[in-house]
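work_7.cif follows; it contains mmCIF, C-alpha atoms.
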```cif
data_input
#
loop_
_atom_site.group_PDB
_atom_site.id
_atom_site.type_symbol
_atom_site.label_atom_id
_atom_site.label_comp_id
_atom_site.auth_asym_id
_atom_site.auth_seq_id
_atom_site.Cartn_x
_atom_site.Cartn_y
_atom_site.Cartn_z
ATOM 1 C CA ALA K 1 17.833 0.664 -5.106
ATOM 2 C CA ILE K 2 19.612 -0.053 -1.823
ATOM 3 C CA ASP K 3 20.913 -3.272 -3.414
ATOM 4 C CA LEU K 4 22.375 -1.662 -6.558
ATOM 5 C CA SER K 5 26.102 -1.842 -7.304
ATOM 6 C CA GLN K 6 28.090 1.381 -6.980
ATOM 7 C CA SER K 7 28.211 1.951 -10.750
ATOM 8 C CA ASP K 8 24.492 1.206 -11.197
ATOM 9 C CA LEU K 9 23.631 3.504 -8.287
ATOM 10 C CA GLU K 10 25.668 6.325 -9.832
ATOM 11 C CA GLN K 11 23.793 5.868 -13.105
ATOM 12 C CA PHE K 12 20.477 5.753 -11.257
ATOM 13 C CA ASN K 13 21.406 8.954 -9.390
ATOM 14 C CA ASN K 14 22.150 10.651 -12.708
ATOM 15 C CA ASP K 15 18.891 9.400 -14.259
ATOM 16 C CA TYR K 16 16.842 10.444 -11.239
ATOM 17 C CA THR K 17 18.415 13.912 -11.253
ATOM 18 C CA GLN K 18 17.385 14.255 -14.904
ATOM 19 C CA TYR K 19 13.884 13.082 -13.995
ATOM 20 C CA LEU K 20 13.610 15.584 -11.119
ATOM 21 C CA GLY K 21 14.792 18.309 -13.430
ATOM 22 C CA SER K 22 12.066 17.550 -15.960
ATOM 23 C CA CYS K 23 9.364 17.432 -13.251
ATOM 24 C CA ILE K 24 10.439 20.725 -11.677
ATOM 25 C CA LYS K 25 10.781 22.437 -15.044
ATOM 26 C CA GLN K 26 7.256 21.307 -15.931
ATOM 27 C CA PHE K 27 5.965 22.653 -12.603
ATOM 28 C CA ILE K 28 7.632 26.021 -13.173
ATOM 29 C CA ASN K 29 6.182 26.257 -16.679
ATOM 30 C CA ASP K 30 2.688 25.074 -15.724
ATOM 31 C CA ASN K 31 2.463 27.618 -12.911
ATOM 32 C CA LEU K 32 4.019 30.455 -14.945
ATOM 33 C CA LEU K 33 6.648 31.077 -12.265
ATOM 34 C CA THR K 34 8.929 33.919 -13.343
ATOM 35 C CA GLU K 35 10.677 34.927 -10.107
ATOM 36 C CA VAL K 36 12.247 31.797 -8.652
ATOM 37 C CA LEU K 37 14.583 32.541 -5.746
ATOM 38 C CA ALA K 38 15.832 28.953 -5.700
ATOM 39 C CA VAL K 39 14.725 25.376 -6.164
ATOM 40 C CA CYS K 40 15.066 23.612 -2.807
ATOM 41 C CA SER K 41 15.123 19.853 -3.220
ATOM 42 C CA HIS K 42 15.356 17.006 -0.745
ATOM 43 C CA GLY K 43 16.043 14.277 -3.289
ATOM 44 C CA HIS K 44 15.138 10.679 -2.505
ATOM 45 C CA THR K 45 16.770 8.676 0.278
ATOM 46 C CA ILE K 46 18.452 5.427 -0.769
ATOM 47 C CA HIS K 47 20.857 4.748 2.105
ATOM 48 C CA HIS K 48 20.573 6.122 5.618
ATOM 49 C CA LEU K 49 23.203 4.793 8.019
ATOM 50 C CA PRO K 50 24.127 7.714 10.273
ATOM 51 C CA ASP K 51 25.897 5.429 12.748
ATOM 52 C CA GLN K 52 28.332 4.732 9.914
ATOM 53 C CA ASN K 53 28.551 8.426 8.996
ATOM 54 C CA TYR K 54 26.757 7.721 5.741
ATOM 55 C CA THR K 55 23.541 8.867 4.124
ATOM 56 C CA LEU K 56 22.640 9.146 0.442
ATOM 57 C CA GLN K 57 19.824 11.090 -1.177
ATOM 58 C CA ILE K 58 19.828 10.761 -4.958
ATOM 59 C CA GLY K 59 18.806 13.642 -7.224
ATOM 60 C CA ASN K 60 21.156 16.128 -5.525
ATOM 61 C CA LEU K 61 23.741 16.439 -8.284
ATOM 62 C CA PRO K 62 25.072 19.854 -9.418
ATOM 63 C CA GLN K 63 23.649 19.274 -12.894
ATOM 64 C CA LEU K 64 20.140 19.884 -11.494
ATOM 65 C CA ALA K 65 20.901 23.625 -11.418
ATOM 66 C CA LYS K 66 22.038 23.552 -15.035
ATOM 67 C CA LEU K 67 18.990 21.564 -16.132
ATOM 68 C CA LEU K 68 16.699 24.141 -14.531
ATOM 69 C CA ASN K 69 18.791 27.256 -15.128
ATOM 70 C CA HIS K 70 18.019 28.193 -11.530
ATOM 71 C CA ARG K 71 19.953 28.200 -8.282
ATOM 72 C CA VAL K 72 19.447 24.955 -6.346
ATOM 73 C CA VAL K 73 19.679 24.249 -2.619
ATOM 74 C CA CYS K 74 19.844 20.526 -1.869
ATOM 75 C CA ASP K 75 21.602 17.650 -0.077
ATOM 76 C CA TYR K 76 20.569 18.790 3.389
ATOM 77 C CA ARG K 77 21.418 15.679 5.418
ATOM 78 C CA ILE K 78 25.078 14.831 4.871
ATOM 79 C CA GLN K 79 26.569 17.825 6.734
ATOM 80 C CA ASP K 80 24.616 16.937 9.863
ATOM 81 C CA VAL K 81 25.779 13.318 9.729
ATOM 82 C CA LEU K 82 29.392 14.511 9.448
ATOM 83 C CA LYS K 83 28.768 16.661 12.548
ATOM 84 C CA GLY K 84 27.782 13.566 14.508
ATOM 85 C CA GLY K 85 24.039 13.875 13.972
ATOM 86 C CA GLN K 86 21.380 11.591 12.571
ATOM 87 C CA GLY K 87 20.842 13.827 9.530
ATOM 88 C CA ALA K 88 17.174 13.647 10.453
ATOM 89 C CA PRO K 89 14.613 14.881 11.076
ATOM 90 C CA LEU K 90 15.059 18.210 9.294
ATOM 91 C CA VAL K 91 11.451 19.407 9.335
ATOM 92 C CA PRO K 92 11.242 20.445 13.048
ATOM 93 C CA ILE K 93 12.674 23.926 12.561
ATOM 94 C CA GLY K 94 9.855 24.522 10.088
ATOM 95 C CA ASP K 95 7.351 23.164 12.612
ATOM 96 C CA HIS K 96 8.760 25.586 15.177
ATOM 97 C CA PHE K 97 8.424 28.697 13.019
ATOM 98 C CA LEU K 98 5.474 27.872 10.753
ATOM 99 C CA PHE K 99 3.180 25.725 12.938
ATOM 100 C CA PRO K 100 3.730 26.947 16.516
ATOM 101 C CA ASN K 101 0.068 26.575 17.542
ATOM 102 C CA TYR K 102 0.211 22.789 17.774
ATOM 103 C CA ASP K 103 1.556 20.802 20.714
ATOM 104 C CA PHE K 104 2.827 18.106 18.347
ATOM 105 C CA CYS K 105 3.436 17.878 14.603
ATOM 106 C CA LEU K 106 3.125 14.265 13.466
ATOM 107 C CA ASN K 107 4.067 13.184 9.954
ATOM 108 C CA LEU K 108 2.827 9.795 8.763
ATOM 109 C CA GLY K 109 4.941 8.943 5.733
ATOM 110 C CA GLY K 110 7.192 5.986 5.090
ATOM 111 C CA PHE K 111 8.061 6.456 8.754
ATOM 112 C CA ALA K 112 6.258 8.348 11.505
ATOM 113 C CA ASN K 113 8.161 11.252 12.962
ATOM 114 C CA ILE K 114 7.099 13.702 15.619
ATOM 115 C CA SER K 115 8.156 17.229 16.567
ATOM 116 C CA PHE K 116 7.375 19.194 19.737
ATOM 117 C CA GLU K 117 8.695 21.743 22.236
ATOM 118 C CA LEU K 118 10.000 20.536 25.601
ATOM 119 C CA ASP K 119 11.117 23.128 28.124
ATOM 120 C CA GLY K 120 11.656 25.638 25.334
ATOM 121 C CA VAL K 121 13.738 23.252 23.212
ATOM 122 C CA ARG K 122 12.520 21.671 19.966
ATOM 123 C CA LYS K 123 12.631 17.869 20.094
ATOM 124 C CA ALA K 124 11.935 15.468 17.241
ATOM 125 C CA PHE K 125 12.665 11.918 16.130
ATOM 126 C CA ASP K 126 11.403 9.005 14.096
ATOM 127 C CA ILE K 127 8.950 6.830 16.017
ATOM 128 C CA VAL K 128 8.025 3.799 13.945
ATOM 129 C CA PRO K 129 7.849 2.589 10.321
ATOM 130 C CA VAL K 130 4.451 3.232 8.735
ATOM 131 C CA ASN K 131 3.788 3.196 4.997
ATOM 132 C CA VAL K 132 7.118 1.604 4.133
ATOM 133 C CA VAL K 133 5.616 -1.530 5.740
ATOM 134 C CA LEU K 134 1.864 -1.066 5.243
ATOM 135 C CA ASN K 135 2.157 -0.365 1.506
ATOM 136 C CA LYS K 136 4.264 -3.455 0.873
ATOM 137 C CA ILE K 137 1.755 -5.682 2.662
ATOM 138 C CA ALA K 138 -1.095 -4.032 0.732
ATOM 139 C CA ASN K 139 0.756 -4.912 -2.491
ATOM 140 C CA GLN K 140 0.082 -8.579 -1.667
ATOM 141 C CA LEU K 141 -3.623 -7.755 -1.958
ATOM 142 C CA GLY K 142 -3.156 -6.084 -5.338
ATOM 143 C CA ALA K 143 -3.329 -2.540 -3.984
ATOM 144 C CA ASP K 144 -0.750 0.254 -3.855
ATOM 145 C CA TYR K 145 -1.738 1.055 -0.271
ATOM 146 C CA ASP K 146 -4.376 0.246 2.346
ATOM 147 C CA ASN K 147 -7.013 2.803 1.316
ATOM 148 C CA GLY K 148 -8.499 4.302 4.477
ATOM 149 C CA GLY K 149 -7.147 1.320 6.419
ATOM 150 C CA ASP K 150 -10.037 -0.834 5.136
ATOM 151 C CA PHE K 151 -7.878 -3.956 4.800
ATOM 152 C CA ALA K 152 -6.520 -3.566 8.329
ATOM 153 C CA LYS K 153 -10.004 -2.960 9.677
ATOM 154 C CA ALA K 154 -11.117 -6.280 8.160
ATOM 155 C CA GLY K 155 -8.159 -8.183 9.604
ATOM 156 C CA LYS K 156 -7.508 -9.794 12.958
ATOM 157 C CA ILE K 157 -4.669 -8.724 15.241
ATOM 158 C CA ASN K 158 -2.008 -11.352 15.963
ATOM 159 C CA ILE K 159 -1.246 -10.670 19.637
ATOM 160 C CA ASN K 160 1.997 -12.667 19.639
ATOM 161 C CA VAL K 161 3.412 -10.727 16.671
ATOM 162 C CA LEU K 162 2.191 -7.427 18.113
ATOM 163 C CA THR K 163 4.036 -8.201 21.352
ATOM 164 C CA GLN K 164 7.245 -9.005 19.462
ATOM 165 C CA LEU K 165 7.049 -5.779 17.471
ATOM 166 C CA ASN K 166 6.416 -3.643 20.546
ATOM 167 C CA ALA K 167 9.418 -5.232 22.267
ATOM 168 C CA LEU K 168 11.968 -4.068 19.648
ATOM 169 C CA SER K 169 14.812 -2.211 21.348
ATOM 170 C CA PHE K 170 14.630 0.889 19.104
ATOM 171 C CA TYR K 171 11.397 1.930 20.811
ATOM 172 C CA LYS K 172 13.124 2.061 24.189
ATOM 173 C CA PHE K 173 15.724 4.619 23.053
ATOM 174 C CA ASN K 174 15.229 8.318 23.634
ATOM 175 C CA GLY K 175 15.780 10.693 20.713
ATOM 176 C CA PRO K 176 17.659 11.773 18.714
ATOM 177 C CA LYS K 177 17.033 8.674 16.637
ATOM 178 C CA SER K 178 16.057 7.942 13.057
ATOM 179 C CA LEU K 179 14.973 4.989 10.956
ATOM 180 C CA GLY K 180 15.804 3.719 7.474
ATOM 181 C CA VAL K 181 14.782 0.912 5.151
ATOM 182 C CA GLU K 182 17.830 -1.065 6.280
ATOM 183 C CA TRP K 183 16.462 -1.165 9.857
ATOM 184 C CA VAL K 184 13.077 -2.366 8.597
ATOM 185 C CA GLN K 185 14.682 -5.175 6.641
ATOM 186 C CA GLN K 186 16.709 -6.312 9.636
ATOM 187 C CA ASN K 187 14.054 -5.981 12.329
ATOM 188 C CA ILE K 188 10.511 -5.980 10.950
ATOM 189 C CA TRP K 189 9.939 -8.371 8.082
ATOM 190 C CA HIS K 190 10.959 -11.633 9.745
ATOM 191 C CA ILE K 191 8.363 -10.892 12.450
ATOM 192 C CA VAL K 192 5.552 -9.629 10.202
ATOM 193 C CA ASN K 193 6.035 -12.381 7.610
ATOM 194 C CA SER K 194 5.089 -14.993 10.200
ATOM 195 C CA ILE K 195 1.471 -13.858 9.672
ATOM 196 C CA VAL K 196 -0.097 -15.746 6.758
ATOM 197 C CA ARG K 197 -3.053 -13.494 5.865
ATOM 198 C CA PRO K 198 -2.107 -9.998 4.598
ATOM 199 C CA LYS K 199 -5.188 -8.381 6.182
ATOM 200 C CA ASP K 200 -4.174 -9.790 9.572
ATOM 201 C CA ALA K 201 -0.627 -8.486 9.026
ATOM 202 C CA LEU K 202 -2.041 -5.044 8.220
ATOM 203 C CA ALA K 203 -4.317 -5.102 11.265
ATOM 204 C CA THR K 204 -1.406 -6.088 13.501
ATOM 205 C CA PHE K 205 1.097 -3.594 12.143
ATOM 206 C CA THR K 206 -1.443 -0.756 12.122
ATOM 207 C CA GLU K 207 -2.113 -1.443 15.807
ATOM 208 C CA HIS K 208 1.632 -1.491 16.457
ATOM 209 C CA VAL K 209 2.029 1.914 14.785
ATOM 210 C CA ALA K 210 -0.854 3.393 16.798
ATOM 211 C CA ILE K 211 0.535 2.100 20.085
ATOM 212 C CA GLN K 212 4.048 3.422 19.445
ATOM 213 C CA ILE K 213 2.838 6.853 18.349
ATOM 214 C CA SER K 214 0.466 7.172 21.312
ATOM 215 C CA ASN K 215 3.409 6.656 23.686
ATOM 216 C CA PHE K 216 4.634 10.148 22.761
ATOM 217 C CA ILE K 217 1.363 12.088 22.602
ATOM 218 C CA SER K 218 -0.143 13.465 25.774
ATOM 219 C CA SER K 219 -3.886 13.303 26.432
ATOM 220 C CA GLY K 220 -5.756 16.377 25.240
ATOM 221 C CA ALA K 221 -2.838 17.674 23.154
ATOM 222 C CA GLN K 222 -3.420 19.326 19.778
ATOM 223 C CA VAL K 223 -1.699 17.190 17.135
ATOM 224 C CA LEU K 224 -1.285 18.255 13.502
ATOM 225 C CA ILE K 225 -1.164 15.137 11.288
ATOM 226 C CA THR K 226 0.246 15.284 7.766
ATOM 227 C CA GLY K 227 1.745 12.874 5.238
ATOM 228 C CA GLY K 228 -0.024 10.160 3.259
ATOM 229 C CA GLY K 229 -0.910 8.260 6.427
ATOM 230 C CA ALA K 230 -3.286 11.077 7.391
ATOM 231 C CA TYR K 231 -5.686 9.583 4.809
ATOM 232 C CA ASN K 232 -5.608 6.245 6.663
ATOM 233 C CA SER K 233 -8.675 6.979 8.787
ATOM 234 C CA PHE K 234 -8.517 3.616 10.554
ATOM 235 C CA LEU K 235 -4.932 4.269 11.674
ATOM 236 C CA VAL K 236 -5.886 7.761 12.849
ATOM 237 C CA ASP K 237 -8.803 6.284 14.804
ATOM 238 C CA ARG K 238 -6.493 3.786 16.511
ATOM 239 C CA ILE K 239 -4.033 6.554 17.430
ATOM 240 C CA SER K 240 -6.946 8.509 18.878
ATOM 241 C CA PHE K 241 -8.094 5.453 20.826
ATOM 242 C CA TYR K 242 -4.742 5.059 22.564
ATOM 243 C CA SER K 243 -3.739 8.715 22.950
ATOM 244 C CA ASN K 244 -7.042 10.538 23.688
ATOM 245 C CA ALA K 245 -5.526 13.560 21.928
ATOM 246 C CA ASP K 246 -7.111 16.165 19.633
ATOM 247 C CA LEU K 247 -5.940 14.930 16.234
ATOM 248 C CA VAL K 248 -6.167 17.631 13.560
ATOM 249 C CA ILE K 249 -6.337 16.555 9.912
ATOM 250 C CA PRO K 250 -5.776 19.670 7.752
ATOM 251 C CA ASP K 251 -6.729 20.255 4.112
ATOM 252 C CA ASN K 252 -5.226 18.056 1.405
ATOM 253 C CA ASN K 253 -2.624 20.631 0.354
ATOM 254 C CA LEU K 254 -1.099 20.721 3.823
ATOM 255 C CA ILE K 255 -1.337 16.934 4.243
ATOM 256 C CA GLU K 256 0.554 16.312 1.027
ATOM 257 C CA TYR K 257 2.881 19.301 0.749
ATOM 258 C CA LYS K 258 3.823 20.327 4.290
ATOM 259 C CA GLU K 259 7.262 18.731 3.986
ATOM 260 C CA ALA K 260 7.834 20.306 0.566
ATOM 261 C CA LEU K 261 6.860 23.683 2.028
ATOM 262 C CA ILE K 262 9.325 23.255 4.880
ATOM 263 C CA PHE K 263 12.182 22.168 2.603
ATOM 264 C CA ALA K 264 11.640 25.392 0.657
ATOM 265 C CA PHE K 265 11.865 27.195 4.008
ATOM 266 C CA LEU K 266 15.087 25.314 4.855
ATOM 267 C CA GLY K 267 16.513 26.493 1.548
ATOM 268 C CA VAL K 268 15.688 30.112 2.354
ATOM 269 C CA LEU K 269 17.449 29.774 5.717
ATOM 270 C CA LYS K 270 20.495 28.261 3.970
ATOM 271 C CA LEU K 271 20.636 31.139 1.502
ATOM 272 C CA ARG K 272 20.608 33.527 4.476
ATOM 273 C CA ASN K 273 23.320 31.422 6.143
ATOM 274 C CA GLU K 274 20.993 30.943 9.110
ATOM 275 C CA ASP K 275 20.720 27.712 11.088
ATOM 276 C CA ASN K 276 18.279 25.278 9.512
ATOM 277 C CA CYS K 277 19.377 22.124 11.314
ATOM 278 C CA LEU K 278 18.840 21.731 15.063
ATOM 279 C CA ALA K 279 21.315 19.780 17.192
ATOM 280 C CA SER K 280 18.529 19.195 19.731
ATOM 281 C CA VAL K 281 16.709 16.946 17.259
ATOM 282 C CA THR K 282 19.542 15.375 15.231
ATOM 283 C CA GLY K 283 22.164 14.911 17.940
ATOM 284 C CA ALA K 284 24.844 16.852 16.039
ATOM 285 C CA TYR K 285 27.380 18.719 18.127
ATOM 286 C CA GLU K 286 26.034 22.125 17.027
ATOM 287 C CA ASN K 287 23.207 23.872 15.206
ATOM 288 C CA HIS K 288 24.205 24.665 11.638
ATOM 289 C CA SER K 289 23.143 25.863 8.199
ATOM 290 C CA SER K 290 22.992 22.706 6.119
ATOM 291 C CA GLY K 291 22.665 22.030 2.407
ATOM 292 C CA ARG K 292 24.631 22.616 -0.774
ATOM 293 C CA ILE K 293 24.046 25.524 -3.134
ATOM 294 C CA TYR K 294 24.555 24.949 -6.865
ATOM 295 C CA LEU K 295 24.455 27.670 -9.491
ATOM 296 C CA PRO K 296 23.399 27.137 -13.117
#
```
Would you mind writing the structure in this file as structure tokens?
Amino acid sequence: AIDLSQSDLEQFNNDYTQYLGSCIKQFINDNLLTEVLAVCSHGHTIHHLPDQNYTLQIGNLPQLAKLLNHRVVCDYRIQDVLKGGQGAPLVPIGDHFLFPNYDFCLNLGGFANISFELDGVRKAFDIVPVNVVLNKIANQLGADYDNGGDFAKAGKININVLTQLNALSFYKFNGPKSLGVEWVQQNIWHIVNSIVRPKDALATFTEHVAIQISNFISSGAQVLITGGGAYNSFLVDRISFYSNADLVIPDNNLIEYKEALIFAFLGVLKLRNEDNCLASVTGAYENHSSGRIYLP
């Protein structure tokens, strides 16, 4: 969708909002929910270019509230970008309040991001692309994703490519920093595509991910891992190999829905007009209460 024309993207945004509405309505009906304070929705990121003061998450149109006949809190990122921030990550305030017992909260989704306390201040940033790359390589093998990391485990690491990946300048920057698909297209694929065999590409990129993540995790630390990548046992093993940390894989509900849980929490904070976006993690010039509220 990042290559769609403006008019096609607007239509897609409208269609996706309708689709979200139908999914959420079905969820409400299936679970017999009668007292809904609000529907708090992240939408789906298409463009993320904070350095150009631009980010776009589709599915955040006002009509969502009318489709659901419920109050909606959504579009959390744009206000932070306009305040000079990265618009990401947004989850750390939820990590701070809801998961304070862990030294690090690591999410392995399309990108890996990490959240932690440093001298009493919450810090967080994107570390490295993960499934946005691994899944696409797995597609070449006829799979939606590398199940358990079995393909990578069967591959051979290309040391030259691994060295090139680890040398990318993004990894040398301190946070706040965030990643998007545009960055992957510009910086990753021309390196990874030099590997002929997909299993070797998966082995190499999985190792790259493990190395980059381990750079931020201290030995012996308790690390809560969530997101789809938590099911990639080979990747988790490689992170453990490099970091020597206590990696905690929770139950499936928390793996899959931790971010959804926290976006609901962000919505509650917005409705209270309390800060839900931390300048210490996004780089904005102030903490603020982000998101738009739409009424049916």
Item to check | Expected residue set, 12 Å radius at (27.6, 8.8, 5.2), only C-alpha atoms, as a PyMOL selection string | outcome: chain K and resi 45-57+75+77-87
Item to check | All residues 8 Å or closer to Glu117 of chain K, all atoms listed in the file, same chain fewer than 3 positions away omitted, as a ChimeraX atom specification | outcome: /K:103-104,120-123
Item to check | Shell around Tyr76 of chain K at 6 Å using all atoms listed in the file, local window under 2 positions removed, as a VMD selection string | outcome: chain K and resid 74 290 to 291
Item to check | Computed interatomic separation between atom CA of Ala138 of chain K and atom CA of Pro250 of chain K (Å) | outcome: 25.2 Å
Checklist entry - When the PyMOL selection byres ((chain K and resi 220) around 6) is applied to the file above, which residues end up in the set, as a PyMOL selection string? => result chain K and resi 219+221+245-246
The selected residues should be written to file as a short mmCIF file (atom, residue, chain, number, x, y, z; two decimals), keeping the file's coordinate frame (atoms: C-alpha atoms).
```
data_model
loop_
_atom_site.label_atom_id
_atom_site.label_comp_id
_atom_site.auth_asym_id
_atom_site.auth_seq_id
_atom_site.Cartn_x
_atom_site.Cartn_y
_atom_site.Cartn_z
CA SER K 219 -3.89 13.30 26.43
CA ALA K 221 -2.84 17.67 23.15
CA ALA K 245 -5.53 13.56 21.93
CA ASP K 246 -7.11 16.16 19.63
#
```
Item to check | Residues matched by the PyMOL selection byres ((chain K and resi 100) around 12) as a list in words | outcome: Pro92, Ile93, Gly94, Asp95, His96, Phe97, Leu98, Phe99, Asn101, Tyr102, Asp103, Phe104, Cys105, Ser115, Phe116, Glu117, Gly120, Arg122, Gln222, Val223 and Leu224 of chain K
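Considering all atoms listed in the file, the residue among K:Thr17, K:Asn253, K:Val196, K:His70 positioned nearest to Leu33 of chain K is K:His70.
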Next on the checklist: Take the PyMOL selection byres ((chain K and resi 67) around 9), run it mentally on this structure, and tell me the resulting residues as a list in words.
Outcome noted: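 Output from the PyMOL selection byres ((chain K and resi 67) around 9), applied to this file: Gln18, Gly21, Ser22, Lys25, Gln63, Leu64, Ala65, Lys66, Leu68, Asn69, His70 and Pro296 of chain K.
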Identify, on the basis of only C-alpha atoms, every residue whose closest approach to Ile249 of chain K does not exceed 9 Å; exclude the query and any residue fewer than 5 positions from it along the same chain; express the result as a PDB file with C-alpha atoms, in the frame of the given file.
```pdb
ATOM      1  CA  VAL K 223      -1.699  17.190  17.135  1.00  0.00           C
ATOM      2  CA  LEU K 224      -1.285  18.255  13.502  1.00  0.00           C
ATOM      3  CA  ILE K 225      -1.164  15.137  11.288  1.00  0.00           C
ATOM      4  CA  THR K 226       0.246  15.284   7.766  1.00  0.00           C
ATOM      5  CA  ALA K 230      -3.286  11.077   7.391  1.00  0.00           C
ATOM      6  CA  TYR K 231      -5.686   9.583   4.809  1.00  0.00           C
ATOM      7  CA  ILE K 255      -1.337  16.934   4.243  1.00  0.00           C
TER       8      ILE K 255
END
```
Checklist entry - Suppose you want the space between atom CA of Gly267 of chain K and atom CA of Glu10 of chain K; what is it in Å? => result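 Atom CA of Glu10 of chain K lies 24.9 Å from atom CA of Gly267 of chain K.
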Item to check | Proximity to Ala264 of chain K - best of K:Val281, K:Val91, K:Leu32, K:Leu4, only C-alpha atoms | outcome: K:Val91
First collect every listed atom of segment 149-159 of chain K; then fit an axis-aligned box around them, widen it by 8 Å on each side, and give centre and edge lengths in Å to one decimal, as AutoDock Vina command-line options.
```
--center_x -6.2 --center_y -5.0 --center_z 12.2 --size_x 25.9 --size_y 28.7 --size_z 30.8
```
Item to check | Among the residues K:Gln212, K:Asn113, K:Asn147, K:Ser178, the one that comes closest to Leu162 of chain K [using all atoms listed in the file] | outcome: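 Ranking K:Gln212, K:Asn113, K:Asn147, K:Ser178 by distance to Leu162 of chain K, first place goes to K:Gln212.
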Next on the checklist: I'd like to know which of K:Asn187, K:Asn252, K:Asn60, K:Thr282 is closest to Tyr19 of chain K, using all atoms listed in the file.
Outcome noted: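 Selected residue with least distance to Tyr19 of chain K: K:Asn60.
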Item to check | Of the listed residues K:Ala260, K:Leu141, K:Val248, K:Val128, that which approaches Leu108 of chain K most closely, counting all atoms listed in the file | outcome: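 Of K:Ala260, K:Leu141, K:Val248, K:Val128, the one nearest Leu108 of chain K, counting all atoms listed in the file, is K:Val128.
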Mind checking which residues fall within 6 Å of Phe125 of chain K, counting all atoms listed in the file, ignoring those fewer than 2 positions away in the same chain, and posting them as a PDB file with C-alpha atoms, in the frame of the given file?
```pdb
ATOM      1  CA  ASN K 113       8.161  11.252  12.962  1.00  0.00           C
ATOM      2  CA  ILE K 114       7.099  13.702  15.619  1.00  0.00           C
ATOM      3  CA  GLY K 175      15.780  10.693  20.713  1.00  0.00           C
ATOM      4  CA  PRO K 176      17.659  11.773  18.714  1.00  0.00           C
ATOM      5  CA  LYS K 177      17.033   8.674  16.637  1.00  0.00           C
TER       6      LYS K 177
END
```
Checklist outcome for this item: For Cys23 of chain K, the closest of K:Ala112, K:Ala284, K:Val39, K:Ala124 counting only C-alpha atoms is K:Val39
Next on the checklist: Rounded to one decimal, what separation in Å do you get between atom CA of His190 of chain K and atom CA of Ser214 of chain K?
Outcome noted: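 Going from atom CA of His190 of chain K over to atom CA of Ser214 of chain K covers 24.4 Å.
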Could you please fill out segment 284-294 of chain K with N, CA, C and O atoms and send it back as a PDB file, in the coordinates of the input?
```pdb
ATOM      1  N   ALA K 284      23.574  16.281  16.483  1.00  0.00           N
ATOM      2  CA  ALA K 284      24.844  16.852  16.039  1.00  0.00           C
ATOM      3  C   ALA K 284      25.450  17.685  17.169  1.00  0.00           C
ATOM      4  O   ALA K 284      24.768  18.045  18.130  1.00  0.00           O
ATOM      5  N   TYR K 285      26.740  17.996  17.023  1.00  0.00           N
ATOM      6  CA  TYR K 285      27.380  18.719  18.127  1.00  0.00           C
ATOM      7  C   TYR K 285      27.108  20.222  18.100  1.00  0.00           C
ATOM      8  O   TYR K 285      27.518  20.946  19.009  1.00  0.00           O
ATOM      9  N   GLU K 286      26.396  20.712  17.054  1.00  0.00           N
ATOM     10  CA  GLU K 286      26.034  22.125  17.027  1.00  0.00           C
ATOM     11  C   GLU K 286      24.900  22.346  16.029  1.00  0.00           C
ATOM     12  O   GLU K 286      24.705  21.548  15.109  1.00  0.00           O
ATOM     13  N   ASN K 287      24.139  23.425  16.237  1.00  0.00           N
ATOM     14  CA  ASN K 287      23.207  23.872  15.206  1.00  0.00           C
ATOM     15  C   ASN K 287      24.019  24.331  14.005  1.00  0.00           C
ATOM     16  O   ASN K 287      25.142  24.809  14.144  1.00  0.00           O
ATOM     17  N   HIS K 288      23.438  24.240  12.808  1.00  0.00           N
ATOM     18  CA  HIS K 288      24.205  24.665  11.638  1.00  0.00           C
ATOM     19  C   HIS K 288      23.291  24.935  10.460  1.00  0.00           C
ATOM     20  O   HIS K 288      22.097  24.590  10.475  1.00  0.00           O
ATOM     21  N   SER K 289      23.858  25.570   9.442  1.00  0.00           N
ATOM     22  CA  SER K 289      23.143  25.863   8.199  1.00  0.00           C
ATOM     23  C   SER K 289      23.549  24.822   7.174  1.00  0.00           C
ATOM     24  O   SER K 289      24.659  24.837   6.652  1.00  0.00           O
ATOM     25  N   SER K 290      22.644  23.889   6.913  1.00  0.00           N
ATOM     26  CA  SER K 290      22.992  22.706   6.119  1.00  0.00           C
ATOM     27  C   SER K 290      22.454  22.794   4.694  1.00  0.00           C
ATOM     28  O   SER K 290      21.474  23.492   4.425  1.00  0.00           O
ATOM     29  N   GLY K 291      23.083  22.065   3.799  1.00  0.00           N
ATOM     30  CA  GLY K 291      22.665  22.030   2.407  1.00  0.00           C
ATOM     31  C   GLY K 291      23.757  22.538   1.489  1.00  0.00           C
ATOM     32  O   GLY K 291      24.663  23.264   1.921  1.00  0.00           O
ATOM     33  N   ARG K 292      23.681  22.148   0.235  1.00  0.00           N
ATOM     34  CA  ARG K 292      24.631  22.616  -0.774  1.00  0.00           C
ATOM     35  C   ARG K 292      23.901  23.532  -1.745  1.00  0.00           C
ATOM     36  O   ARG K 292      22.749  23.315  -2.086  1.00  0.00           O
ATOM     37  N   ILE K 293      24.595  24.567  -2.184  1.00  0.00           N
ATOM     38  CA  ILE K 293      24.046  25.524  -3.134  1.00  0.00           C
ATOM     39  C   ILE K 293      24.761  25.350  -4.470  1.00  0.00           C
ATOM     40  O   ILE K 293      25.994  25.429  -4.529  1.00  0.00           O
ATOM     41  N   TYR K 294      23.993  25.093  -5.522  1.00  0.00           N
ATOM     42  CA  TYR K 294      24.555  24.949  -6.865  1.00  0.00           C
ATOM     43  C   TYR K 294      24.003  26.055  -7.760  1.00  0.00           C
ATOM     44  O   TYR K 294      22.800  26.359  -7.725  1.00  0.00           O
TER      45      TYR K 294
END
```
